[in-house]
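Colleague: Sharing a structure, written as structure tokens. Questions coming.
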Amino acid sequence: MAAPDGYRAPAAPAGATSSALGTAGTGNTPSTSRTLGTIGTPRTNTTTSTTGTAGMAGHAGPADPLHDDPEYTPTERDLPVIARGVGPGSTIADLPTAGFADALGPEPAPVLARPETDGLGPLFVVGDVHGYLDELRAALAEQGLIDAEANWAAGNTRLWFLGDFTDRGPDGIGVIDLVMQLSAQAAAAGGYCKALMGNHELLLLGAKRFGDTPVQSGAGTASFQAAWLLNGGQRTDMERLEDHHLQWMSRLDAMAEEDGHLLLHSDTTAYLDYGDSIEAVNDTVTETLQRSDADECWDLFRKFTKRFAFRDEAGALAVRELLDAYGGERLVHGHSPIPYLLGEVGAEDADGEDGAPAVNGPHVYADDLAIAMDGGVTMAGKLLVVRFPLRD
């Protein structure tokens with residue numbers, strides 16, 4: 001069974017091409033200012049595992065030197081792209097998600113507001129999208145969040161995306177445009193639609209901003225452009241990328257807390273390197289992206305590519321470390337596809353249902369403290385849109 005690879009970053013050619021990122025745009029919470037955090041001394045991450053070559057059946061423990069190496073860098077392709085399909089099975093059987101072959105229905109299921117009087121509607125979370133716009137529309141429509149024209153239809157509902165909107169799939173810019181549209185429409189209806197920073201947003205920003213500028217990685221000299229192309233970068237996305245997309249991505253928060261759920265993209269403890277509170281982490285990441293330092297942005301990107309910190313014996317301890325630092329009772333993440341967490345991924349050339357991973361809902365693990373939301377849409381899995389809290 002194939003194990004997920006890390007990022008491979010080919011050597012960068014001499015010279016550099018760089019484009020300006022543009023003026024910072026509006027973040028997830030307009031009219032809210034933040035005090036910029038300070039980057040602390042890098043810490044040695046003793047619980048975070050990498051996307052190395054270890055097989056899923058024999059997970060590397062926290063003492064694995066690849067996990068603890070402070071010079072860890074993404075040096076291989078992140079994950080194979082497997083022919084898409086829908087397979088049987090579920091990790092949480094009572095949480096159905098949209099079938100990819102289904103068209104948008106004219107009568108989406110209604111979303112009922114919570115009985116509380118605080119004005120907040122129900123909470124939904126979306127896993128990694130990776131450019132699969134049609135699948136996203138179908139999944140949102142099945143939950144009653146959008147109508148047949150892909151407009152917001154959920155009133156005061158709260159919707160969070162966990163990042164990774166682009167790369168690998170056919171229409172990453174279309175996904176970003178839809179999320180930006182829904183953000184405006186939800187706000188007008190009394191709800192909100194917000195998004196977190198994924199490692200692929202960092203990768204696309206770096207490829208656009210720094211191009212082939214050499215960066216120093218633990219494996220030698222690399223470049224954002226080469227890493228982006230190797231890891232599913234779509235030239236059509238780059239051609240359609242505009243200043244307002246760049247501004248929006250560069251202001252995304254790295255983490256948030258909603259209803260006792262700590263939301264973040266990557267299943268890593270590397271967030272602790274950037275601050276001791278949610279606000280400090282978000283401010284530090286934003287500040288880092290506003291500076292024109294390719295090596296500093298690369299370091300941020302490589303840390304956000306780390307994964308599997310919560311999967312092994314020390315996983316629950318790693319989750320509690322983050323919950324103790326940032327709050328929340330449970331941690332919700334994307335980034336690492338559920339089929340890899342479960343060891344149920346098919347072959348890279350799998351075609352159709354025979355090789356399709358069995359994912360119909362989120363995966364709860366690490367002593368029930370962690371919830372994985374990447375259903376593996378790029379590898380024949382599902383794009384998850386789930387209401388929280390989960391039904392037990």
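Numbering starts fresh at 1 for the residues of each chain in the structure tokens, the chains themselves are lettered A, B, ... in the order given, and ligands are numbered from 1 as they appear.
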Within region 97-259 of chain A, find each residue whose DSSP state, derived from the backbone, is strand (DSSP E or B), and express the selection as a list in words.
Modeller: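 In region 97-259 of chain A, DSSP puts these residues in strand (DSSP E or B): Leu123, Phe124, Val125, Val126, Ile146, Trp152, Arg158, Leu159, Trp160, Phe161, Tyr192, Cys193, Lys194, Ala195, Leu196, Val215, Gln216, Ser217, Gly220, Thr221, Ala222, Asp253, Met255, Ala256, Glu257 and Glu258 of chain A.
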Colleague: Could you please write out, as a PyMOL selection string, every residue of region 122-205 of chain A that DSSP assigns to helix (DSSP H, G or I)?
Modeller: chain A and resi 133-142+172-188+199-205
Colleague: Counting only C-alpha atoms, which of A:Leu178, A:Ala358, A:Leu317, A:Val125 gets nearest to Gly381 (chain A)?
Modeller: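 Smallest distance to Gly381 (chain A) is found for A:Ala358.
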Colleague: With distances taken over only C-alpha atoms, which of A:Ala316, A:Cys193, A:Ala139, A:Leu241 is nearest to Asp171 (chain A)?
Modeller: A:Leu241
Colleague: Could you pull the residues within 12 Å of Leu323 (chain A), counting only C-alpha atoms, minus those fewer than 5 positions along the same chain, as an NGL selection string?
Modeller: :A and (255-257 or 260-264 or 269 or 271-272 or 276-278 or 316-318 or 328-332 or 369-370)
Colleague: Between CA of Ile173 (chain A) and CA of Arg137 (chain A), what is the distance, to one decimal in Å?
Modeller: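 Computing the Euclidean distance for CA of Ile173 (chain A) and CA of Arg137 (chain A) yields 14.0 Å.
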Colleague: So, with only C-alpha atoms as the atoms that count, which of A:Leu229, A:Leu196, A:Ala280, A:Leu322 lies closest to Leu252 (chain A)?
Modeller: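 With only C-alpha atoms as the atom set, the closest residue is A:Leu196.
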Colleague: Which residue, A:Phe301, A:Phe165, A:Trp228, A:Phe308, has the smallest gap to Asp177 (chain A) when you use only C-alpha atoms?
Modeller: A:Phe165
Colleague: Quick check, in Å to one decimal: how far apart do CA of Gly190 (chain A) and CA of Leu133 (chain A) lie?
Modeller: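 Separation of CA of Gly190 (chain A) and CA of Leu133 (chain A): 24.7 Å.
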Colleague: Would you mind reading off the distance between CA of Asp253 (chain A) and CA of His333 (chain A), one decimal, in Å?
Modeller: 13.8 Å
Colleague: Please provide as a list in words all residues within 9 Å of Gln216 (chain A), with the sequence filter that same-chain residues fewer than 6 positions apart are discarded (counting only C-alpha atoms).
Modeller: Ala222, Ser223, Ala294, Asp295, Trp298 and Asp299 of chain A
Colleague: Would you mind telling me which residue in A:Met249, A:Val377, A:Ile371, A:Met238 lies nearest to Val359 (chain A) when using only C-alpha atoms?
Modeller: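 Checking each candidate against Val359 (chain A), we get A:Val377 as the closest.
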Colleague: Just checking: using only C-alpha atoms, which residue out of A:Asp167, A:Cys297, A:Ala153, A:Val126 ends up closest to Gly361 (chain A)?
Modeller: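 So, comparing all the options, the nearest one is A:Val126.
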